[in-house]
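**Student:** The structure's right below; bear with me while I get my questions together.
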Amino acid sequence: MTVPTTTPFPGGTILGYPRIGRRRELKRAVEAYWAGRTDAVDLEVAAGTLRRETVQRLVALGLDPEDGSVPGSFSYYDQVLDVVALLGAVPARFRDLLDDEDGSLDLDGYFTVARGRGEDAPLEMTKWFDTNYHYLVPEISETTPISFADHRVVREYAEAKEAGVTTRPVLVGPVTFLALSKAADDAGDGFHPLDRLDDVVAAYAELLRALAAVGVPWVQLDEPVLVTDSVGVDPERVDAAITRAYRELATGLAPASADDALDTVPERPRLLVAAPFGGLAAPGADGRPARDGLALLAGTDVEAVAIDLFEGGVPAGTGPDGTVPGLASKTLVAGVVDGHNVWRTDLAARLGTLEALRGLGARSLAVGTSTSLLHVPHDVDDETWTGPAADRAGRTPALRRWLAFADQKVGEVTTLARALTGGPDAVRAELDEASAALADRAAATGVVVPAVRERIAALSATDFARGDHAGRVAAQRESLDLPPLPTTTIGSFPQTAEIRRTRSAWAKGELADDAYRAAMRDEIARVIALQEDIGLDVLVHGEPERNDMVQYFAELLDGFATTDLGWVQSYGSRCVRPPILWGDVTRPAPMTVEWTRYAQSLTARPVKGMLTGPVTILAWSFVRDDQPLGDTARQVALALRDEVTDLEAAGTAVVQVDEPALRELLPLRRADQPAYLDWSVGAFRLATAGAASSTQVHTHLCYSEFGEIIDAIDGLDADVTSIEAARSRMEVVPELHEAGYTRGVGPGVYDIHSPRVPSTAEVTELLGLATSAIDPGLVWVNPDCGLKTRGYAEVEPSLRHLVEAARTVRAGL
Ligand code: GLN
Ligand code: ZN
């Protein structure tokens with residue numbers, strides 16, 4: 001039975017908050033535990049402290065401590081793994097980790113599923129919607145145990161309550177959980193994890209009952225699967241699952257209600273369903289929504305719906321007077337503060353958006369973030385932005401004023417919430433300051449650089465095209481004179497502790513430029529000598545000078561800034577500090593030439609120049625929001641194009657432009673993909689098309705699942721493409737052959753994600769698979785990816801086996 005709710009949603013909230021800690025406390029605590037330096041109790045104490053500090057901080061920033069405004073969004077590792085643990089839904093190889101009595105995983109078991117043990121591979125990792133966060137992919141079959149096994153959510157609610165804060169537990173919703181799962185190895189033909197929807201929903205119902213019993217007022221269930229049509233499940237099936245799941249959870253259980261006249265015992269907290277990462281209405285051919293997720297959610301009995309207005313835009317109502325049928329009984333949580341970028345919000349404009357939303361006829365309107373704040377750093381005020389590295393990092397003094405990290409965004413939410421109830425005058429000073437900051441940003445030196453704009457405007461089709469492919473093949477055969485099945489690596493060599501120490505001492509100003517340069521040169525000389533000794537054909541300098549393949553370039557290009565403490569969780573305990581791209585991009589000086597030239601001076605074999613491509617640089621940065629991404633990409637591409645020219649002038653005959661993120665940025669909705677592929681492929685071509693025919697352009701893409709973008713990869717017009725293939729045993733090579741691929745291809749024969757050393761026989765076999773599936777004249781021999789995370793003890797024998805195997809197969813051609 002349904003009881004009408006009368007308690008409105010809080011006026012302002014956020015959909016989630018970073019959980020790694022302002023100083024990465026959780027990372028440290030978890031890694032100390034993994035290393036055996038602390039025990040489980042220490043870890044739980046550290047995590048508990050962090051959770052308490054977090055909720056109290058959110059209250060101090062203005063969220064209400066009593067009404068469920070404060071999200072309970074902690075995770076030890078990953079929010080999808082948390083649901084696996086909640087349900088005890090581990091794959092067969094980890095079943096022994098489940099508690100005999102209640103089917104739950106303890107902390108060790110949880111981390112084991114995340115990280116693997118011995119021969120038992122961990123759950124696979126993949127990207128979370130259009131962010132750089134990676135979640136663990138659950139494996140589900142007909143027989144996977146599914147129950148309400150783990151009570152951590154209930155415990156954490158009680159813990160916060162004890163600290164004086166009533167939180168709103170946040171969980172990945174049942175439909176998104178299953179839609180993102182894959183069929184486990186033991187699943188029957190045709191099985192899809194969504195076949196287990198009823199079991200999962202029943203477990204969620206148990207959880208909701210348990211939460212209601214301890215007085216939880218609100219629970220948030222995230223269903224971002226509603227904004228995408230490219231997760232491999234029919235959108236119709238997803239929509240039907242949503243209807244079914246929320247009929248059970250929302251309609252089937254009596255909700256908590258503060259002034260519930262009927263005096264029933266609530267069977268569940270009130271429900272907020274959130275749909276971050278995109279608009280809920282996908283436009284159909286005639287402009288009307290082809291699939292209307294908002295109408296779908298409005299048709300359920302949940303009490304509140306959160307929508308992403310940042311990427312979505314104001315939805316159109318389909319009911320009378322433009323209202324959304326069903327919304328009249330619900331709170332609409334308007335995601336008007338961008339959860340996954342770092343720019344200060346235009347509060348006045350967003351207030352206008354909120355006003356426009358009133359027309360949808362929701363029972364009440366609340367202010368929210370478009371997504372969880374997991375994807376932005378903690379606090380702009382933590383940045384000191386001083387020290388010798390500051391200038392090189394492109395920090396303009398004004399930058400701070402233009403930015404809003406998580407804590408500033410909480411402030412924006414509460415400001416807008418006050419404006420919603422008290423009118424704009426209640427927050428006049430804040431609105432004015434935000435507008436002034438925005439105006440300052442728009443007018444600041446470097447944001448618009450006329451010379452950059454003019455150069456872009458003058459581009460023509462020829463700037464995007466190289467000479468014909470056959471001519472290039474001939475010219476390169478002459479310039480490079482390589483054997484068949486040429487051997488090479490992807491770029492980086494192991495980054496030893498000493499290299500890291502040297503780099504960080506230099507960055508802190510403790511090591512002079514000369515000494516730093518000498519140390520890097522020594523390392524390059526060592527790596528070149530080693531490669532010659534191993535017998536590789538195309539060498540690399542080893543990238544010792546690069547802290548990160550994007551940050552390195554961001555530090556050298558104008559228009560980018562880097563942060564000191566702007567850490568964002570990438571997966572598990574791993575964090576990254578994405579650079580901030582704030583202005584027009586220019587290259588004050590060559591970025592890689594000195595190192596590559598030095599490496600080439602030491603050997604007669606060709607040394608590859610190594611660059612990160614424009615799309616990857618954008619994908620792993622916070623990008624400006626004041627112009628289309630494609631425009632920004634072209635600016636970065638031009639800077640790289642100049643670098644290619646300088647590399648050629650310094651005697652480089654092979655240039656590799658890495659684009660591992662090309663597929664990552666692929667839009668969530670199919671309808672948006674062609675436009676993306678157009679500008680991203682165009683940017684790569686702009687970066688590389690200045691190269692002479694005799695210069696061999698390589699690209700590296702990391703992953704191998706690119707069936708859907710194979711045409712785009714061909715469109716990059718690179719001469720050689722290296723991809724990951726070892727784990728899938730060259731699966732991609734026959735696909736390429738079928739697609740009529742005629743370019744050089746380096747399917748990885750050495751899985752660098754594992755410390756294993758592949759034997760010569762193993763590599764020979766993989767190469768046999770490759771050369772029998774595609775013209776051997778196209779095949780290159782290389783590892784799956786860069787070697788920077790590995791040690792020399794594994795890398796050296798692996799590369800020797802790789803070269804031996806190439807020689808064996810070559811002899812048999
Ligand atoms: N050139 C880079 C390296 O070798 C490529 C890394 C990547 O693809 N992620 O490390
Ligand atoms: Zn790679």
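As shown in the structure tokens, the chain order sets the letters A, B, ...; within each chain, residues go from 1, and ligands are also counted from 1 in the order they appear.
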Using the chain letters and numbers from this document, which residues of range 81-318 of chain A does DSSP assign to strand (DSSP E), as number ranges by chain?
**Tutor:** A: 125-127, 134-136, 139-140, 167-172, 182-183, 218-222, 270-275, 281-283, 289-292, 304-308
**Student:** Include C-alpha atoms and write out the residues we just selected as a PDB file, in the first residue's frame.
**Tutor:**
```
ATOM      1  CA  MET A 125      37.514  -2.895 -14.232  1.00  0.00           C
ATOM      2  CA  THR A 126      35.830  -0.483 -16.584  1.00  0.00           C
ATOM      3  CA  LYS A 127      34.935   3.171 -16.859  1.00  0.00           C
ATOM      4  CA  HIS A 134      36.630   2.890 -12.951  1.00  0.00           C
ATOM      5  CA  TYR A 135      34.237   0.454 -11.326  1.00  0.00           C
ATOM      6  CA  LEU A 136      34.453  -3.295 -10.921  1.00  0.00           C
ATOM      7  CA  GLU A 139      29.775 -11.323 -12.759  1.00  0.00           C
ATOM      8  CA  ILE A 140      26.326 -12.817 -12.373  1.00  0.00           C
ATOM      9  CA  THR A 167      22.588  10.820   6.475  1.00  0.00           C
ATOM     10  CA  ARG A 168      20.920   9.635   3.307  1.00  0.00           C
ATOM     11  CA  PRO A 169      22.466   6.303   2.306  1.00  0.00           C
ATOM     12  CA  VAL A 170      23.495   6.285  -1.357  1.00  0.00           C
ATOM     13  CA  LEU A 171      23.612   3.060  -3.358  1.00  0.00           C
ATOM     14  CA  VAL A 172      23.854   2.049  -6.970  1.00  0.00           C
ATOM     15  CA  LYS A 182      28.322  -9.259 -17.151  1.00  0.00           C
ATOM     16  CA  ALA A 183      27.207 -12.862 -17.429  1.00  0.00           C
ATOM     17  CA  TRP A 218      15.691   8.981   2.755  1.00  0.00           C
ATOM     18  CA  VAL A 219      17.680   6.590   0.594  1.00  0.00           C
ATOM     19  CA  GLN A 220      19.233   7.490  -2.746  1.00  0.00           C
ATOM     20  CA  LEU A 221      19.381   4.885  -5.496  1.00  0.00           C
ATOM     21  CA  ASP A 222      21.512   5.832  -8.498  1.00  0.00           C
ATOM     22  CA  ARG A 270      11.507   7.680   1.193  1.00  0.00           C
ATOM     23  CA  LEU A 271      13.264   7.091  -2.114  1.00  0.00           C
ATOM     24  CA  LEU A 272      15.273   9.431  -4.262  1.00  0.00           C
ATOM     25  CA  VAL A 273      16.187   7.950  -7.643  1.00  0.00           C
ATOM     26  CA  ALA A 274      19.069   9.795  -9.313  1.00  0.00           C
ATOM     27  CA  ALA A 275      19.906   9.753 -13.022  1.00  0.00           C
ATOM     28  CA  ALA A 281      15.047  12.513 -22.485  1.00  0.00           C
ATOM     29  CA  ALA A 282      16.730  11.268 -25.629  1.00  0.00           C
ATOM     30  CA  PRO A 283      15.487  13.276 -28.573  1.00  0.00           C
ATOM     31  CA  PRO A 289      11.749  12.397 -26.700  1.00  0.00           C
ATOM     32  CA  ALA A 290      12.174   8.914 -28.161  1.00  0.00           C
ATOM     33  CA  ARG A 291      12.721   7.576 -24.708  1.00  0.00           C
ATOM     34  CA  ASP A 292      11.561   9.601 -21.760  1.00  0.00           C
ATOM     35  CA  ALA A 304      12.014  12.234  -5.455  1.00  0.00           C
ATOM     36  CA  VAL A 305      13.870  12.190  -8.762  1.00  0.00           C
ATOM     37  CA  ALA A 306      17.274  13.786  -9.370  1.00  0.00           C
ATOM     38  CA  ILE A 307      18.156  14.874 -12.884  1.00  0.00           C
ATOM     39  CA  ASP A 308      21.391  16.055 -14.489  1.00  0.00           C
TER      40      ASP A 308
END
```
**Student:** For Val214 in chain A, find every residue with an atom within 10 Å (counting only C-alpha atoms), except residues of its own chain fewer than 2 positions away, and show them as a list in words.
**Tutor:**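 In the requested form, the answer reads Val154, Arg155, Tyr157, Ala158, Arg209, Ala210, Leu211, Ala212, Val216, Pro217 and Pro269 of chain A.
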**Student:** When you count only C-alpha atoms, which of these residues is closest to Pro483 in chain A: A:Asp381, A:Glu267, A:Glu66, A:Asp537?
**Tutor:** A:Asp537
**Student:** Among range 519-565 of chain A, which residues does DSSP mark as helix (DSSP H, G or I) when it is run on the backbone? Keep the chain and numbering as in the structure and answer as a VMD selection string.
**Tutor:** chain A and resid 519 to 534 551 to 556
**Student:** Take the residues just selected and output them with C-alpha atoms as a PDB file, in the first residue's frame.
**Tutor:**
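Below is the file that was written, again-v9.pdb:
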```
ATOM      1  CA  ALA A 519      70.250  12.028 -14.455  1.00  0.00           C
ATOM      2  CA  MET A 520      67.556  11.686 -17.110  1.00  0.00           C
ATOM      3  CA  ARG A 521      70.171  11.407 -19.857  1.00  0.00           C
ATOM      4  CA  ASP A 522      71.918   8.629 -17.962  1.00  0.00           C
ATOM      5  CA  GLU A 523      68.644   6.796 -17.719  1.00  0.00           C
ATOM      6  CA  ILE A 524      67.929   7.268 -21.426  1.00  0.00           C
ATOM      7  CA  ALA A 525      71.398   6.005 -22.332  1.00  0.00           C
ATOM      8  CA  ARG A 526      70.883   2.941 -20.179  1.00  0.00           C
ATOM      9  CA  VAL A 527      67.500   2.191 -21.746  1.00  0.00           C
ATOM     10  CA  ILE A 528      68.827   2.636 -25.290  1.00  0.00           C
ATOM     11  CA  ALA A 529      71.781   0.323 -24.599  1.00  0.00           C
ATOM     12  CA  LEU A 530      69.458  -2.261 -23.105  1.00  0.00           C
ATOM     13  CA  GLN A 531      67.127  -2.177 -26.117  1.00  0.00           C
ATOM     14  CA  GLU A 532      70.057  -2.560 -28.510  1.00  0.00           C
ATOM     15  CA  ASP A 533      71.313  -5.482 -26.493  1.00  0.00           C
ATOM     16  CA  ILE A 534      67.895  -7.122 -26.506  1.00  0.00           C
ATOM     17  CA  GLN A 551      50.285  15.988 -16.833  1.00  0.00           C
ATOM     18  CA  TYR A 552      53.711  16.117 -18.465  1.00  0.00           C
ATOM     19  CA  PHE A 553      52.308  17.931 -21.489  1.00  0.00           C
ATOM     20  CA  ALA A 554      49.903  20.043 -19.422  1.00  0.00           C
ATOM     21  CA  GLU A 555      52.871  21.418 -17.494  1.00  0.00           C
ATOM     22  CA  LEU A 556      54.584  22.466 -20.703  1.00  0.00           C
TER      23      LEU A 556
END
```
**Student:** Take CA of Ala85 in chain A and CA of Arg196 in chain A and report the distance between them in Å, one decimal.
**Tutor:**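 We find that CA of Ala85 in chain A and CA of Arg196 in chain A lie 16.1 Å from each other.
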**Student:** Please, what distance in Å, to one decimal, runs between CA of Gln569 in chain A and CA of Arg19 in chain A?
**Tutor:**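 Taking CA of Gln569 in chain A and CA of Arg19 in chain A, their separation equals 8.3 Å.
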**Student:** Using only C-alpha atoms and all ligand atoms, find each protein or nucleic acid residue lying at most 8 Å from ligand 2; present the set as number ranges by chain.
**Tutor:** A: 490, 658, 660, 700-703, 723-724, 784-786
**Student:** Give me the residues near Val83 in chain A as a PyMOL selection string, where near means some atom within 10 Å (using only C-alpha atoms) and where sequence neighbours in that chain fewer than 6 positions away do not count.
**Tutor:** chain A and resi 89+138+148-150+171-174+177+200+204
**Student:** Grab the residues selected above and save them as a PDB file, in the first residue's frame with N, CA and C atoms.
**Tutor:**
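Produced file part.pdb, reproduced below:
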```pdb
ATOM      1  N   ALA A  89      27.086 -11.280  -3.896  1.00  0.00           N
ATOM      2  CA  ALA A  89      26.995 -11.787  -5.276  1.00  0.00           C
ATOM      3  C   ALA A  89      28.366 -11.914  -5.933  1.00  0.00           C
ATOM      4  N   PRO A 138      30.577  -6.601 -12.000  1.00  0.00           N
ATOM      5  CA  PRO A 138      30.086  -7.813 -11.339  1.00  0.00           C
ATOM      6  C   PRO A 138      29.878  -8.934 -12.362  1.00  0.00           C
ATOM      7  N   PHE A 148      20.231 -10.154   1.038  1.00  0.00           N
ATOM      8  CA  PHE A 148      20.667  -8.974   1.804  1.00  0.00           C
ATOM      9  C   PHE A 148      21.700  -9.479   2.807  1.00  0.00           C
ATOM     10  N   ALA A 149      22.955  -9.542   2.354  1.00  0.00           N
ATOM     11  CA  ALA A 149      23.991 -10.227   3.123  1.00  0.00           C
ATOM     12  C   ALA A 149      24.787  -9.281   4.018  1.00  0.00           C
ATOM     13  N   ASP A 150      25.006  -8.072   3.555  1.00  0.00           N
ATOM     14  CA  ASP A 150      25.939  -7.196   4.255  1.00  0.00           C
ATOM     15  C   ASP A 150      25.196  -5.986   4.827  1.00  0.00           C
ATOM     16  N   LEU A 171      23.215   4.347  -2.769  1.00  0.00           N
ATOM     17  CA  LEU A 171      23.612   3.060  -3.358  1.00  0.00           C
ATOM     18  C   LEU A 171      23.379   3.074  -4.860  1.00  0.00           C
ATOM     19  N   VAL A 172      24.162   2.288  -5.562  1.00  0.00           N
ATOM     20  CA  VAL A 172      23.854   2.049  -6.970  1.00  0.00           C
ATOM     21  C   VAL A 172      22.527   1.297  -7.002  1.00  0.00           C
ATOM     22  N   GLY A 173      21.612   1.717  -7.847  1.00  0.00           N
ATOM     23  CA  GLY A 173      20.284   1.103  -7.910  1.00  0.00           C
ATOM     24  C   GLY A 173      20.327  -0.296  -8.508  1.00  0.00           C
ATOM     25  N   PRO A 174      19.280  -1.084  -8.274  1.00  0.00           N
ATOM     26  CA  PRO A 174      19.279  -2.479  -8.717  1.00  0.00           C
ATOM     27  C   PRO A 174      19.369  -2.648 -10.234  1.00  0.00           C
ATOM     28  N   PHE A 177      22.901  -1.681 -11.439  1.00  0.00           N
ATOM     29  CA  PHE A 177      23.821  -2.733 -11.005  1.00  0.00           C
ATOM     30  C   PHE A 177      23.800  -3.912 -11.975  1.00  0.00           C
ATOM     31  N   VAL A 200      17.436  -9.517  -6.974  1.00  0.00           N
ATOM     32  CA  VAL A 200      18.151  -8.333  -6.491  1.00  0.00           C
ATOM     33  C   VAL A 200      17.169  -7.363  -5.833  1.00  0.00           C
ATOM     34  N   TYR A 204      17.148  -5.763  -2.083  1.00  0.00           N
ATOM     35  CA  TYR A 204      17.059  -4.320  -1.806  1.00  0.00           C
ATOM     36  C   TYR A 204      15.872  -4.037  -0.893  1.00  0.00           C
TER      37      TYR A 204
END
```
**Student:** Once you count only C-alpha atoms and all ligand atoms, what closest atom pair and distance in Å to one decimal does each residue of chain A within 10 Å of ligand 1 have, with rows by chain and rising residue number, as JSON lines?
**Tutor:**
```
{"residue": "A:Thr489", "atom": "CA", "partner": "ligand 1", "partner_atom_place_in_ligand_line": "4 (O)", "distance": 7.5}
{"residue": "A:Ile490", "atom": "CA", "partner": "ligand 1", "partner_atom_place_in_ligand_line": "4 (O)", "distance": 4.4}
{"residue": "A:Gly491", "atom": "CA", "partner": "ligand 1", "partner_atom_place_in_ligand_line": "4 (O)", "distance": 3.6}
{"residue": "A:Ser492", "atom": "CA", "partner": "ligand 1", "partner_atom_place_in_ligand_line": "4 (O)", "distance": 3.8}
{"residue": "A:Phe493", "atom": "CA", "partner": "ligand 1", "partner_atom_place_in_ligand_line": "4 (O)", "distance": 7.2}
{"residue": "A:Pro494", "atom": "CA", "partner": "ligand 1", "partner_atom_place_in_ligand_line": "10 (O)", "distance": 9.2}
{"residue": "A:Gln495", "atom": "CA", "partner": "ligand 1", "partner_atom_place_in_ligand_line": "10 (O)", "distance": 9.9}
{"residue": "A:Val540", "atom": "CA", "partner": "ligand 1", "partner_atom_place_in_ligand_line": "4 (O)", "distance": 9.2}
{"residue": "A:Gly542", "atom": "CA", "partner": "ligand 1", "partner_atom_place_in_ligand_line": "4 (O)", "distance": 7.7}
{"residue": "A:Glu543", "atom": "CA", "partner": "ligand 1", "partner_atom_place_in_ligand_line": "10 (O)", "distance": 7.4}
{"residue": "A:Pro544", "atom": "CA", "partner": "ligand 1", "partner_atom_place_in_ligand_line": "10 (O)", "distance": 9.9}
{"residue": "A:Arg546", "atom": "CA", "partner": "ligand 1", "partner_atom_place_in_ligand_line": "10 (O)", "distance": 9.0}
{"residue": "A:Asp548", "atom": "CA", "partner": "ligand 1", "partner_atom_place_in_ligand_line": "10 (O)", "distance": 8.3}
{"residue": "A:Met549", "atom": "CA", "partner": "ligand 1", "partner_atom_place_in_ligand_line": "2 (C)", "distance": 6.5}
{"residue": "A:Val550", "atom": "CA", "partner": "ligand 1", "partner_atom_place_in_ligand_line": "9 (N)", "distance": 9.7}
{"residue": "A:Gly609", "atom": "CA", "partner": "ligand 1", "partner_atom_place_in_ligand_line": "1 (N)", "distance": 9.7}
{"residue": "A:Met610", "atom": "CA", "partner": "ligand 1", "partner_atom_place_in_ligand_line": "1 (N)", "distance": 6.3}
{"residue": "A:Leu611", "atom": "CA", "partner": "ligand 1", "partner_atom_place_in_ligand_line": "1 (N)", "distance": 7.3}
{"residue": "A:Thr612", "atom": "CA", "partner": "ligand 1", "partner_atom_place_in_ligand_line": "1 (N)", "distance": 7.3}
{"residue": "A:Thr616", "atom": "CA", "partner": "ligand 1", "partner_atom_place_in_ligand_line": "9 (N)", "distance": 9.3}
{"residue": "A:Gln656", "atom": "CA", "partner": "ligand 1", "partner_atom_place_in_ligand_line": "1 (N)", "distance": 7.9}
{"residue": "A:Val657", "atom": "CA", "partner": "ligand 1", "partner_atom_place_in_ligand_line": "1 (N)", "distance": 8.1}
{"residue": "A:Asp658", "atom": "CA", "partner": "ligand 1", "partner_atom_place_in_ligand_line": "5 (C)", "distance": 6.0}
{"residue": "A:Glu659", "atom": "CA", "partner": "ligand 1", "partner_atom_place_in_ligand_line": "8 (O)", "distance": 7.1}
{"residue": "A:Pro660", "atom": "CA", "partner": "ligand 1", "partner_atom_place_in_ligand_line": "8 (O)", "distance": 5.2}
{"residue": "A:Ala661", "atom": "CA", "partner": "ligand 1", "partner_atom_place_in_ligand_line": "9 (N)", "distance": 8.4}
{"residue": "A:Thr699", "atom": "CA", "partner": "ligand 1", "partner_atom_place_in_ligand_line": "1 (N)", "distance": 9.3}
{"residue": "A:His700", "atom": "CA", "partner": "ligand 1", "partner_atom_place_in_ligand_line": "8 (O)", "distance": 6.1}
{"residue": "A:Leu701", "atom": "CA", "partner": "ligand 1", "partner_atom_place_in_ligand_line": "8 (O)", "distance": 6.2}
{"residue": "A:Cys702", "atom": "CA", "partner": "ligand 1", "partner_atom_place_in_ligand_line": "8 (O)", "distance": 5.2}
{"residue": "A:Tyr703", "atom": "CA", "partner": "ligand 1", "partner_atom_place_in_ligand_line": "8 (O)", "distance": 8.8}
{"residue": "A:Ser722", "atom": "CA", "partner": "ligand 1", "partner_atom_place_in_ligand_line": "8 (O)", "distance": 9.4}
{"residue": "A:Ile723", "atom": "CA", "partner": "ligand 1", "partner_atom_place_in_ligand_line": "8 (O)", "distance": 8.9}
{"residue": "A:Glu724", "atom": "CA", "partner": "ligand 1", "partner_atom_place_in_ligand_line": "8 (O)", "distance": 9.5}
{"residue": "A:Pro783", "atom": "CA", "partner": "ligand 1", "partner_atom_place_in_ligand_line": "4 (O)", "distance": 9.6}
{"residue": "A:Asp784", "atom": "CA", "partner": "ligand 1", "partner_atom_place_in_ligand_line": "8 (O)", "distance": 8.7}
{"residue": "A:Cys785", "atom": "CA", "partner": "ligand 1", "partner_atom_place_in_ligand_line": "8 (O)", "distance": 5.6}
{"residue": "A:Gly786", "atom": "CA", "partner": "ligand 1", "partner_atom_place_in_ligand_line": "4 (O)", "distance": 3.1}
{"residue": "A:Leu787", "atom": "CA", "partner": "ligand 1", "partner_atom_place_in_ligand_line": "4 (O)", "distance": 6.1}
{"residue": "A:Lys788", "atom": "CA", "partner": "ligand 1", "partner_atom_place_in_ligand_line": "10 (O)", "distance": 5.9}
{"residue": "A:Thr789", "atom": "CA", "partner": "ligand 1", "partner_atom_place_in_ligand_line": "10 (O)", "distance": 8.5}
```
**Student:** Find the distance between CA of Val447 in chain A and CA of Ala404 in chain A and write it in Å to one decimal.
**Tutor:** 17.7 Å
